[in-house]
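Listing of run20.tsv, TSV, C-alpha atoms
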```tsv
chain	number	residue	atom	x	y	z
A	1	MET	CA	-0.05	-11.75	-17.64
A	2	LEU	CA	-3.78	-11.22	-17.06
A	3	VAL	CA	-3.53	-12.09	-13.38
A	4	ALA	CA	-0.16	-10.42	-12.85
A	5	GLY	CA	-1.80	-7.47	-11.11
A	6	TYR	CA	-3.06	-9.63	-8.24
A	7	PRO	CA	-1.04	-9.99	-5.02
A	8	GLU	CA	1.48	-12.81	-4.95
A	9	ALA	CA	-0.39	-14.76	-2.27
A	10	TRP	CA	-3.63	-14.43	-4.23
A	11	ARG	CA	-1.94	-15.80	-7.36
A	12	GLU	CA	-0.61	-18.76	-5.42
A	13	ARG	CA	-4.15	-19.60	-4.33
A	14	TYR	CA	-6.32	-18.83	-7.38
A	15	ARG	CA	-4.06	-18.40	-10.42
A	16	ALA	CA	-4.48	-21.89	-11.91
A	17	GLU	CA	-8.25	-21.99	-11.61
A	18	MET	CA	-8.70	-18.45	-12.86
A	19	LEU	CA	-6.51	-19.18	-15.90
A	20	ALA	CA	-8.67	-22.24	-16.53
A	21	LEU	CA	-11.74	-19.99	-16.40
A	22	LEU	CA	-10.11	-17.55	-18.85
A	23	ASP	CA	-9.39	-20.48	-21.19
A	24	ASP	CA	-13.04	-21.54	-21.02
A	25	ASP	CA	-14.41	-18.00	-21.25
A	26	PRO	CA	-11.91	-15.85	-23.22
A	27	PRO	CA	-11.90	-12.31	-21.80
A	28	GLY	CA	-13.27	-9.29	-23.62
A	29	ALA	CA	-12.98	-5.64	-22.62
A	30	ARG	CA	-15.48	-6.00	-19.76
A	31	ALA	CA	-13.68	-9.05	-18.41
A	32	LEU	CA	-10.40	-7.14	-18.48
A	33	ALA	CA	-12.02	-4.32	-16.53
A	34	SER	CA	-13.32	-6.96	-14.10
A	35	LEU	CA	-9.79	-8.32	-13.67
A	36	VAL	CA	-8.37	-4.86	-12.98
A	37	ALA	CA	-11.12	-4.11	-10.45
A	38	GLY	CA	-10.66	-7.54	-8.86
A	39	ALA	CA	-6.89	-7.04	-8.55
A	40	LEU	CA	-7.42	-3.64	-6.95
A	41	ASP	CA	-9.92	-5.12	-4.52
A	42	ALA	CA	-7.53	-7.95	-3.66
A	43	HIS	CA	-4.81	-5.42	-2.82
A	44	LEU	CA	-7.09	-3.19	-0.79
A	45	ARG	CA	-9.06	-5.90	1.00
A	46	PRO	CA	-6.95	-9.02	1.36
A	47	ARG	CA	-9.13	-11.94	2.41
A	48	SER	CA	-8.19	-14.75	4.71
A	49	PRO	CA	-8.61	-17.74	2.34
A	50	TRP	CA	-5.68	-16.75	0.18
A	51	ARG	CA	-3.91	-14.57	2.71
A	52	SER	CA	-3.59	-17.51	5.07
A	53	GLY	CA	-1.93	-19.45	2.28
A	54	ALA	CA	0.93	-16.94	2.03
A	55	SER	CA	4.15	-17.82	3.75
A	56	ALA	CA	4.79	-15.74	6.85
A	57	PRO	CA	8.41	-14.90	5.95
A	58	ALA	CA	7.31	-13.69	2.49
A	59	ARG	CA	4.65	-11.41	3.99
A	60	LEU	CA	7.00	-10.03	6.62
A	61	ARG	CA	9.72	-9.51	4.01
A	62	LEU	CA	7.34	-7.53	1.82
A	63	SER	CA	6.12	-5.45	4.74
A	64	VAL	CA	9.63	-4.71	6.06
A	65	GLY	CA	10.62	-3.58	2.56
A	66	ALA	CA	7.53	-1.39	2.24
A	67	ILE	CA	8.03	0.21	5.66
A	68	PHE	CA	11.66	0.99	4.89
A	69	ALA	CA	10.69	2.49	1.52
A	70	GLY	CA	8.16	4.65	3.37
A	71	TRP	CA	10.87	5.78	5.75
A	72	ILE	CA	13.04	6.84	2.82
A	73	ALA	CA	10.16	8.95	1.46
A	74	VAL	CA	9.60	10.52	4.90
A	75	SER	CA	13.34	11.19	5.19
A	76	LEU	CA	13.26	12.89	1.80
A	77	ALA	CA	10.39	15.10	2.96
A	78	GLY	CA	12.16	15.79	6.25
A	79	ALA	CA	15.44	16.70	4.55
A	80	GLY	CA	13.60	19.04	2.19
A	81	PHE	CA	11.80	20.55	5.16
A	82	GLN	CA	15.05	21.09	7.05
A	83	LYS	CA	16.54	22.76	3.99
A	84	THR	CA	13.47	24.96	3.62
A	85	ILE	CA	13.46	26.28	7.18
A	86	GLU	CA	17.19	26.73	7.69
A	87	GLU	CA	17.06	30.37	6.57
A	88	ARG	CA	17.21	33.15	9.15
A	89	PRO	CA	13.51	34.27	9.02
A	90	PHE	CA	12.37	30.78	9.91
A	91	MET	CA	14.79	30.57	12.81
A	92	ALA	CA	13.50	33.91	14.07
A	93	SER	CA	9.92	32.68	13.66
A	94	ALA	CA	10.60	29.52	15.62
A	95	ALA	CA	11.75	31.59	18.57
A	96	ARG	CA	8.45	33.50	18.62
A	97	HIS	CA	5.88	30.74	18.27
A	98	PRO	CA	5.67	27.76	20.66
A	99	LEU	CA	3.89	25.52	18.13
A	100	LEU	CA	6.81	25.85	15.73
A	101	THR	CA	9.13	24.68	18.49
A	102	VAL	CA	6.77	21.80	19.33
A	103	GLY	CA	6.53	20.77	15.65
A	104	ARG	CA	10.28	20.82	15.23
A	105	ASP	CA	10.87	18.88	18.45
A	106	VAL	CA	8.35	16.20	17.43
A	107	ILE	CA	10.13	15.87	14.08
A	108	LEU	CA	13.50	15.51	15.79
A	109	ALA	CA	12.11	12.94	18.26
A	110	GLY	CA	10.62	10.98	15.34
A	111	ALA	CA	13.92	11.09	13.49
A	112	ALA	CA	15.76	9.80	16.57
A	113	LEU	CA	13.26	6.99	17.09
A	114	GLY	CA	13.53	6.08	13.40
A	115	ALA	CA	17.32	5.91	13.60
A	116	ILE	CA	17.14	3.61	16.64
A	117	ALA	CA	14.55	1.39	14.95
A	118	ILE	CA	16.70	1.07	11.82
A	119	ALA	CA	19.75	0.25	13.93
A	120	ILE	CA	17.88	-2.49	15.80
A	121	GLY	CA	15.97	-3.96	12.89
A	122	GLY	CA	18.13	-3.19	9.89
A	123	LEU	CA	21.73	-3.53	10.98
A	124	PRO	CA	21.50	-7.28	11.82
A	125	LEU	CA	20.01	-7.91	8.37
A	126	LEU	CA	22.71	-5.79	6.73
A	127	TRP	CA	25.41	-7.70	8.60
A	128	GLN	CA	23.85	-11.01	7.57
A	129	ALA	CA	23.68	-9.87	3.94
A	130	LEU	CA	27.30	-8.69	3.94
A	131	ARG	CA	28.45	-12.04	5.36
A	132	ARG	CA	26.38	-13.95	2.81
A	133	ALA	CA	27.70	-11.85	-0.07
A	134	ALA	CA	31.28	-12.40	1.05
A	135	ALA	CA	30.98	-16.08	1.94
A	136	GLU	CA	29.12	-17.13	-1.20
A	137	LEU	CA	30.63	-14.52	-3.53
A	138	ASP	CA	27.11	-13.45	-4.35
A	139	LEU	CA	27.88	-10.56	-6.69
A	140	ARG	CA	24.26	-9.63	-7.23
A	141	LEU	CA	23.67	-9.29	-3.50
A	142	ALA	CA	26.92	-7.33	-3.14
A	143	TRP	CA	25.84	-5.01	-5.93
A	144	LEU	CA	22.48	-4.40	-4.27
A	145	LEU	CA	24.23	-3.58	-0.99
A	146	LEU	CA	26.72	-1.24	-2.64
A	147	LEU	CA	24.19	0.62	-4.74
A	148	PRO	CA	22.83	3.01	-2.05
A	149	PRO	CA	26.24	4.18	-0.73
A	150	ALA	CA	27.56	4.47	-4.28
A	151	SER	CA	24.53	6.56	-5.24
A	152	LEU	CA	25.05	8.73	-2.16
A	153	LEU	CA	28.67	9.36	-3.13
A	154	ALA	CA	27.62	10.26	-6.67
A	155	LEU	CA	24.95	12.64	-5.38
A	156	LEU	CA	27.38	14.30	-2.96
A	157	ALA	CA	29.95	14.72	-5.72
A	158	ALA	CA	27.34	16.28	-8.01
A	159	SER	CA	26.17	18.58	-5.21
A	160	VAL	CA	29.70	19.79	-4.46
A	161	ALA	CA	30.31	20.40	-8.16
A	162	LEU	CA	27.08	22.37	-8.47
A	163	VAL	CA	27.89	24.52	-5.45
A	164	ARG	CA	31.33	25.32	-6.86
A	165	LEU	CA	30.09	26.01	-10.37
A	166	GLY	CA	26.88	27.80	-9.31
A	167	PRO	CA	26.28	31.49	-8.68
A	168	ALA	CA	27.96	33.17	-5.74
A	169	ARG	CA	26.19	32.84	-2.39
A	170	GLY	CA	23.67	35.62	-1.83
A	171	SER	CA	23.39	36.53	-5.49
A	172	GLY	CA	20.28	34.42	-6.07
A	173	PHE	CA	19.71	31.70	-8.63
A	174	PRO	CA	19.20	32.79	-12.27
A	175	ALA	CA	16.32	30.98	-14.00
A	176	ALA	CA	18.65	29.50	-16.62
A	177	TRP	CA	20.86	28.02	-13.91
A	178	VAL	CA	17.86	26.52	-12.10
A	179	LEU	CA	16.67	24.88	-15.33
A	180	ALA	CA	20.10	23.65	-16.38
A	181	ALA	CA	21.37	22.41	-13.02
A	182	GLY	CA	18.75	22.72	-10.28
A	183	LEU	CA	16.08	20.51	-11.83
A	184	PRO	CA	18.49	17.71	-12.85
A	185	TRP	CA	19.89	17.82	-9.33
A	186	LEU	CA	16.39	17.50	-7.90
A	187	LEU	CA	15.75	14.52	-10.19
A	188	ALA	CA	19.04	13.01	-9.04
A	189	VAL	CA	17.87	13.34	-5.43
A	190	PHE	CA	14.65	11.49	-6.27
A	191	ALA	CA	16.62	8.82	-8.13
A	192	PHE	CA	18.86	8.41	-5.08
A	193	ALA	CA	15.80	8.04	-2.84
A	194	LEU	CA	14.37	5.46	-5.22
A	195	VAL	CA	17.59	3.45	-5.14
A	196	CYS	CA	17.65	3.62	-1.33
A	197	ALA	CA	14.05	2.41	-1.20
A	198	LEU	CA	14.24	-0.39	-3.77
A	199	ALA	CA	17.75	-1.83	-3.36
A	200	PRO	CA	17.22	-3.02	0.25
A	201	ARG	CA	13.92	-4.57	-0.78
A	202	ALA	CA	15.60	-6.49	-3.61
A	203	ALA	CA	18.46	-7.47	-1.28
A	204	LEU	CA	15.97	-8.81	1.27
A	205	ARG	CA	14.32	-10.87	-1.42
A	206	ARG	CA	17.65	-12.35	-2.44
A	207	LEU	CA	18.85	-12.86	1.11
A	208	ARG	CA	15.63	-14.55	2.31
A	209	PRO	CA	16.44	-14.16	6.02
A	210	ALA	CA	15.12	-16.57	8.62
A	211	TYR	CA	11.71	-15.93	10.13
A	212	ALA	CA	13.14	-14.88	13.51
A	213	ALA	CA	15.31	-12.19	11.92
A	214	LEU	CA	12.41	-10.94	9.81
A	215	ARG	CA	10.13	-10.85	12.81
A	216	ARG	CA	12.66	-8.76	14.75
A	217	ALA	CA	12.99	-6.42	11.77
A	218	PHE	CA	9.21	-6.19	11.50
A	219	VAL	CA	8.82	-5.28	15.18
A	220	ALA	CA	11.48	-2.60	14.70
A	221	GLY	CA	9.54	-1.59	11.58
A	222	LEU	CA	6.48	-0.95	13.74
A	223	ALA	CA	8.57	1.51	15.77
A	224	LEU	CA	9.70	3.00	12.46
A	225	VAL	CA	6.06	3.50	11.47
A	226	VAL	CA	5.46	5.32	14.77
A	227	ALA	CA	8.51	7.48	14.02
A	228	MET	CA	7.15	8.24	10.54
A	229	CYS	CA	3.80	9.27	11.99
A	230	MET	CA	5.61	11.54	14.47
A	231	VAL	CA	7.61	13.20	11.69
A	232	SER	CA	4.46	13.64	9.59
A	233	ALA	CA	2.52	15.11	12.52
A	234	GLY	CA	5.41	17.43	13.38
A	235	LEU	CA	5.66	18.62	9.79
A	236	LEU	CA	1.93	19.29	9.72
A	237	VAL	CA	1.92	21.19	13.02
A	238	TYR	CA	4.91	23.28	11.99
A	239	THR	CA	3.49	24.07	8.55
A	240	LEU	CA	0.02	24.97	9.82
A	241	ALA	CA	1.41	27.15	12.59
A	242	LEU	CA	3.74	28.83	10.14
A	243	LEU	CA	1.01	29.47	7.59
A	244	ALA	CA	-1.47	30.70	10.19
A	245	GLN	CA	0.99	33.08	11.82
A	246	ALA	CA	2.96	34.09	8.75
A	247	PRO	CA	2.07	37.80	8.81
A	248	ALA	CA	3.06	38.16	12.44
A	249	LEU	CA	6.26	36.18	12.31
A	250	ALA	CA	9.84	37.14	11.70
A	251	GLY	CA	9.14	40.85	11.91
A	252	GLN	CA	8.16	40.94	8.24
A	253	PRO	CA	4.84	42.03	6.77
A	254	SER	CA	4.40	38.73	4.95
A	255	GLY	CA	6.40	36.61	7.36
A	256	PRO	CA	8.83	34.07	5.95
A	257	VAL	CA	6.27	32.23	3.82
A	258	GLY	CA	5.97	33.03	0.14
A	259	ALA	CA	3.97	31.06	-2.40
A	260	SER	CA	6.87	28.81	-3.39
A	261	VAL	CA	7.82	28.07	0.23
A	262	GLY	CA	4.18	27.32	1.07
A	263	THR	CA	3.97	24.92	-1.88
A	264	MET	CA	7.18	23.20	-0.83
A	265	LEU	CA	6.01	22.76	2.75
A	266	ALA	CA	2.62	21.44	1.61
A	267	THR	CA	4.35	18.98	-0.75
A	268	GLN	CA	6.64	17.77	2.02
A	269	CYS	CA	3.68	17.30	4.38
A	270	ALA	CA	1.72	15.39	1.73
A	271	LEU	CA	4.69	13.15	0.85
A	272	ALA	CA	5.36	12.32	4.51
A	273	ALA	CA	1.67	11.69	5.25
A	274	LEU	CA	1.20	9.43	2.22
A	275	ALA	CA	4.34	7.44	2.95
A	276	SER	CA	3.35	7.05	6.61
A	277	ALA	CA	-0.15	5.90	5.67
A	278	ALA	CA	1.22	3.36	3.16
A	279	ALA	CA	3.71	1.99	5.71
A	280	LEU	CA	1.02	1.80	8.39
A	281	THR	CA	-1.30	-0.08	6.02
A	282	SER	CA	1.43	-2.54	5.12
A	283	ALA	CA	2.29	-3.10	8.80
A	284	MET	CA	-1.35	-3.65	9.77
A	285	ARG	CA	-1.81	-6.21	7.01
A	286	ALA	CA	1.28	-8.16	7.99
A	287	ARG	CA	0.91	-8.00	11.76
A	288	ASP	CA	-0.86	-11.36	12.00
A	289	PHE	CA	2.21	-13.02	10.50
A	290	ALA	CA	4.48	-11.70	13.25
A	291	ARG	CA	2.50	-13.12	16.14
A	292	PRO	CA	4.09	-16.01	17.99
A	293	THR	CA	2.31	-19.30	17.30
B	1	MET	CA	-18.33	-13.31	10.19
B	2	THR	CA	-21.57	-12.22	8.62
B	3	ASP	CA	-24.18	-14.58	7.22
B	4	ASN	CA	-25.62	-11.96	4.89
B	5	PRO	CA	-24.42	-12.72	1.38
B	6	GLY	CA	-25.72	-9.39	0.05
B	7	ARG	CA	-28.46	-7.84	-2.03
B	8	TRP	CA	-30.22	-9.88	-4.69
B	9	SER	CA	-28.00	-8.69	-7.53
B	10	ASP	CA	-24.73	-9.06	-5.64
B	11	PRO	CA	-22.30	-11.55	-7.14
B	12	PRO	CA	-21.96	-13.49	-3.85
B	13	LEU	CA	-25.70	-14.10	-3.76
B	14	LEU	CA	-25.72	-15.16	-7.41
B	15	VAL	CA	-22.83	-17.53	-6.75
B	16	LEU	CA	-24.59	-19.04	-3.73
B	17	SER	CA	-27.76	-19.47	-5.75
B	18	SER	CA	-25.77	-21.26	-8.42
B	19	LEU	CA	-24.02	-23.53	-5.93
B	20	ALA	CA	-27.36	-24.36	-4.31
B	21	GLY	CA	-27.89	-26.58	-7.36
B	22	GLY	CA	-24.65	-28.50	-6.75
B	23	ALA	CA	-20.88	-28.05	-6.72
B	24	LYS	CA	-19.45	-26.18	-9.71
B	25	HIS	CA	-16.15	-24.80	-10.91
B	26	GLY	CA	-15.64	-21.24	-12.16
B	27	TYR	CA	-16.87	-21.47	-15.73
B	28	ALA	CA	-19.87	-23.64	-14.79
B	29	MET	CA	-20.88	-20.98	-12.24
B	30	VAL	CA	-20.53	-18.18	-14.81
B	31	ALA	CA	-22.67	-20.10	-17.32
B	32	ASP	CA	-25.26	-21.05	-14.71
B	33	VAL	CA	-25.63	-17.50	-13.35
B	34	GLU	CA	-25.94	-16.16	-16.89
B	35	ALA	CA	-28.65	-18.70	-17.74
B	36	MET	CA	-30.44	-17.97	-14.47
B	37	THR	CA	-30.32	-14.16	-14.43
B	38	GLY	CA	-28.78	-12.90	-17.68
B	39	VAL	CA	-25.86	-11.50	-15.66
B	40	HIS	CA	-22.39	-12.44	-16.97
B	41	LEU	CA	-19.95	-12.47	-14.06
B	42	GLY	CA	-16.49	-11.25	-15.02
B	43	PRO	CA	-13.51	-13.30	-13.80
B	44	GLY	CA	-12.41	-10.65	-11.29
B	45	THR	CA	-15.94	-10.30	-9.96
B	46	LEU	CA	-16.41	-14.07	-9.67
B	47	TYR	CA	-13.19	-14.69	-7.79
B	48	GLY	CA	-13.75	-11.67	-5.55
B	49	ALA	CA	-17.11	-13.21	-4.62
B	50	LEU	CA	-15.62	-16.68	-4.14
B	51	ALA	CA	-12.90	-15.33	-1.83
B	52	ARG	CA	-15.46	-13.37	0.19
B	53	LEU	CA	-17.84	-16.33	0.51
B	54	GLU	CA	-15.01	-18.68	1.41
B	55	GLU	CA	-13.81	-16.23	4.04
B	56	GLN	CA	-17.33	-16.12	5.51
B	57	GLY	CA	-17.51	-19.90	5.56
B	58	LEU	CA	-20.51	-19.93	3.21
B	59	ILE	CA	-18.78	-22.03	0.53
B	60	GLU	CA	-15.82	-24.39	0.55
B	61	PRO	CA	-13.40	-25.54	-2.14
B	62	LEU	CA	-13.30	-29.18	-3.21
B	63	PRO	CA	-10.18	-30.98	-4.47
B	64	ALA	CA	-9.01	-29.56	-7.80
B	65	GLU	CA	-9.93	-31.41	-10.99
B	66	GLY	CA	-6.92	-30.60	-13.11
B	67	ARG	CA	-6.68	-26.82	-13.17
B	68	ARG	CA	-10.36	-26.41	-12.28
B	69	ARG	CA	-11.44	-26.33	-8.67
B	70	PRO	CA	-15.10	-26.90	-7.83
B	71	TYR	CA	-16.77	-25.19	-4.90
B	72	ARG	CA	-19.79	-26.26	-2.89
B	73	ILE	CA	-22.15	-24.42	-0.61
B	74	THR	CA	-21.81	-25.14	3.13
B	75	ALA	CA	-24.64	-25.63	5.63
B	76	ALA	CA	-24.09	-22.04	6.84
B	77	GLY	CA	-24.20	-20.91	3.21
B	78	SER	CA	-27.50	-22.71	2.64
B	79	ARG	CA	-29.05	-21.08	5.72
B	80	ALA	CA	-27.76	-17.65	4.74
B	81	LEU	CA	-29.03	-18.06	1.19
B	82	GLU	CA	-32.45	-19.22	2.36
B	83	THR	CA	-32.76	-16.29	4.78
B	84	GLN	CA	-31.77	-13.81	2.11
B	85	LEU	CA	-34.07	-15.30	-0.53
B	86	GLU	CA	-36.98	-15.31	1.95
B	87	THR	CA	-36.35	-11.62	2.62
B	88	ILE	CA	-36.24	-10.91	-1.11
B	89	ARG	CA	-39.43	-12.93	-1.61
B	90	GLY	CA	-41.15	-10.97	1.17
B	91	VAL	CA	-40.12	-7.68	-0.42
B	92	ALA	CA	-41.20	-8.91	-3.85
B	93	GLU	CA	-44.60	-10.17	-2.65
B	94	THR	CA	-45.29	-6.98	-0.68
B	95	GLY	CA	-44.22	-4.79	-3.60
B	96	LEU	CA	-46.31	-6.76	-6.10
B	97	SER	CA	-49.42	-6.75	-3.91
B	98	ARG	CA	-49.10	-2.98	-3.43
B	99	LEU	CA	-48.67	-2.49	-7.16
B	100	ARG	CA	-51.78	-4.55	-7.88
B	101	ALA	CA	-53.71	-2.66	-5.23
B	102	SER	CA	-52.71	0.72	-6.64
B	103	ARG	CA	-53.67	-0.41	-10.15
B	104	GLY	CA	-57.02	-1.62	-8.84
B	105	LEU	CA	-57.65	1.76	-7.27
B	106	ALA	CA	-56.71	3.69	-10.41
```
Structure rendered as structure tokens:
Amino acid sequence: MLVAGYPEAWRERYRAEMLALLDDDPPGARALASLVAGALDAHLRPRSPWRSGASAPARLRLSVGAIFAGWIAVSLAGAGFQKTIEERPFMASAARHPLLTVGRDVILAGAALGAIAIAIGGLPLLWQALRRAAAELDLRLAWLLLLPPASLLALLAASVALVRLGPARGSGFPAAWVLAAGLPWLLAVFAFALVCALAPRAALRRLRPAYAALRRAFVAGLALVVAMCMVSAGLLVYTLALLAQAPALAGQPSGPVGASVGTMLATQCALAALASAAALTSAMRARDFARPT
Amino acid sequence: MTDNPGRWSDPPLLVLSSLAGGAKHGYAMVADVEAMTGVHLGPGTLYGALARLEEQGLIEPLPAEGRRRPYRITAAGSRALETQLETIRGVAETGLSRLRASRGLA
């Protein structure tokens, strides 16, 4: 329990001897703080003695899962962004400012690259997992594979129901309706994203694909990281251009950007940037394990 | 790879100084450093230092004795420790002589 916060590879290397030390020198509050700081350091600055002891497939599996989870977060930010700018004033703005067009095009190019990377790296693993689940009647694996599409169907059904039950289009959203339905729907979207991020990771762990398949997925994951960085950069360019030119855009005194829209765009940029940075870090740490020996 | 184990109070330097007296496992190092300097190395700090020193090639693990694994200083570790301690001694001697001189003037 005391060493549970350390990375798996670190535990494989040092767990026994550190537990022996903790038996000899029972930890107090300062020792617990030392353990927390040590675990944080081990995550942030993995060192070669224990990192080299980790199995390459395990490291690649973890990194592929982390990159895909990052892509889900970037997709969530991108979908929110698309929803935010689909209104008419934004479309009018985009026609008047070249940087908005550039930002949007970079986002679209990133999205396309991401889709190709997932098709190349992810589909073979999905096919392998489906075959394994069917051949070995692995119900847990099947459940993990079914969870994301089932969650998507549930979310779509809830969305359709909300649209039908909600206020008429153009009449605005009453505060009571937003509290009663809008916020739970938003939480449902985040729950769906969480399922999409975690279920493939758990499925990968159960599937334990061969090194060659993981390496191919990891290389595709590197392209996915590039795609994430493109989407993040595009979001940032679009948002900055929009904020800087707001008064002059869309033929409105305040442009299309109000406080709530500005907050949403900033949140989407931050989410995409953080997810991209996390995926990039994970990829950089695992890259040595994907090199041919 | 760097051969600088750190400042005088850094855990890696304390660990190297402890191992200069012979191979030790974790608890023996903690007890030795505490007796030598009064500093009690926490478990996270100790193993962070051990990993760093091992990565730099300044110490090496020996075969485990049950759950305990002793470590010993390498030749590179001995050289690095000696260089660092000489630097510290130079700073200490210079500082002390200047202190004495300033007291003599006062």
Write out as a Markdown table the residues of chain B that have any atom within 7 Å of an atom of chain A, one row each with the nearest atom pair and its distance in Å to one decimal, counting only C-alpha atoms, sorted by chain and then rising number.
```
| residue | atom | partner | partner_atom | distance |
| --- | --- | --- | --- | --- |
| B:Gly26 | CA | A:Leu21 | CA | 5.9 |
| B:Tyr27 | CA | A:Leu21 | CA | 5.4 |
| B:Gly42 | CA | A:Ala31 | CA | 4.9 |
| B:Pro43 | CA | A:Leu35 | CA | 6.2 |
| B:Gly44 | CA | A:Leu35 | CA | 4.2 |
| B:Thr45 | CA | A:Ser34 | CA | 5.9 |
| B:Gly48 | CA | A:Gly38 | CA | 6.1 |
| B:Ala51 | CA | A:Pro49 | CA | 6.4 |
| B:Arg52 | CA | A:Arg47 | CA | 6.9 |
| B:Glu54 | CA | A:Pro49 | CA | 6.5 |
| B:Glu55 | CA | A:Pro49 | CA | 5.7 |
| B:Arg67 | CA | A:Glu17 | CA | 5.3 |
| B:Arg68 | CA | A:Glu17 | CA | 4.9 |
| B:Arg69 | CA | A:Glu17 | CA | 6.1 |
```
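Take the candidates B:Leu62, B:Leu81, B:Ile88, B:Ile73 and check each one against Gly21 (chain B) using all atoms listed in the file; the shortest distance goes to B:Ile73.
The closest residue to Cys196 (chain A), picked from A:Ala158, A:Leu125, A:Leu44, A:Ile72 and counting only C-alpha atoms, is A:Ile72.
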Item to check | Among listed residues B:Leu41, B:Leu85, B:Ala35, B:Ala23, nearest Pro61 (chain B) (using all atoms listed in the file) | outcome: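 So, comparing all the options, the nearest one is B:Ala23.
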Item to check | Interatomic distance, CA of Ala9 (chain A) to CA of Glu65 (chain B) (Å, one decimal) | outcome: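 Separation between CA of Ala9 (chain A) and CA of Glu65 (chain B): 21.1 Å.
Rounded to one decimal, CA of Arg201 (chain A) and CA of Ala79 (chain A) lie 22.0 Å from each other.
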Checklist entry - Quick one: distance from CA of Ser232 (chain A) to CA of Gly103 (chain A) in Å, one decimal? => result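 These two atoms are separated by 9.6 Å.
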Item to check | Distance query region 178-191 of chain A at most 12 Å, all atoms listed in the file, self and fewer than 2 positions along chain excluded, as JSON, numbers by chain | outcome: {"A": [72, 73, 75, 76, 77, 79, 80, 147, 148, 151, 152, 153, 154, 155, 156, 157, 158, 159, 160, 161, 162, 163, 165, 166, 167, 172, 173, 174, 175, 176, 193, 194, 195, 196, 197, 198, 199]}
Go ahead and fit an axis-aligned box to every listed atom of region 133-139 of chain A plus 5 Å each side, and pass me the centre and edge lengths in Å, one decimal, as JSON.
```
{"center_x": 29.2, "center_y": -13.8, "center_z": -2.4, "size_x": 14.2, "size_y": 16.6, "size_z": 18.6}
```
Next on the checklist: Applying 9 Å and only C-alpha atoms, which residues near region 284-289 of chain A remain after dropping the ones on its own chain fewer than 6 positions away? List them as an MDAnalysis selection string.
Outcome noted: chainID A and resid 46 55:57 59:60 62:63 215 218
Checklist entry - Using all atoms listed in the file, which of B:Val33, B:Ala92, B:Val15, B:Leu99 sits nearest Tyr47 (chain B)? => result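 Under the stated criterion, the closest residue is B:Val15.
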Item to check | Residues near region 268-279 of chain A, cut-off 10 Å, all atoms listed in the file, skip fewer than 6 positions along chain, as a VMD selection string | outcome: chain A and resid 63 to 81 221 to 222 224 to 239 262 285
Checklist entry - For Val261 (chain A), which residue among A:Ala4, A:Ala135, A:Ile85, A:Ala217 is the nearest when counting all atoms listed in the file? => result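 Result for the nearest residue to Val261 (chain A): A:Ile85.
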Item to check | From B:Gly90, B:Ala49, B:Thr37, B:Tyr71, residue lying nearest Lys24 (chain B) [only C-alpha atoms] | outcome: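 Nearest to Lys24 (chain B): B:Tyr71.
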Shell of 10 Å around Met36 (chain B), only C-alpha atoms, local chain residues under 6 positions omitted, as a short mmCIF file (atom, residue, chain, number, x, y, z; two decimals) with C-alpha atoms, in the coordinates of the input:
```cif
data_model
loop_
_atom_site.label_atom_id
_atom_site.label_comp_id
_atom_site.auth_asym_id
_atom_site.auth_seq_id
_atom_site.Cartn_x
_atom_site.Cartn_y
_atom_site.Cartn_z
CA LEU B 14 -25.72 -15.16 -7.41
CA SER B 17 -27.76 -19.47 -5.75
CA SER B 18 -25.77 -21.26 -8.42
CA VAL B 30 -20.53 -18.18 -14.81
#
```
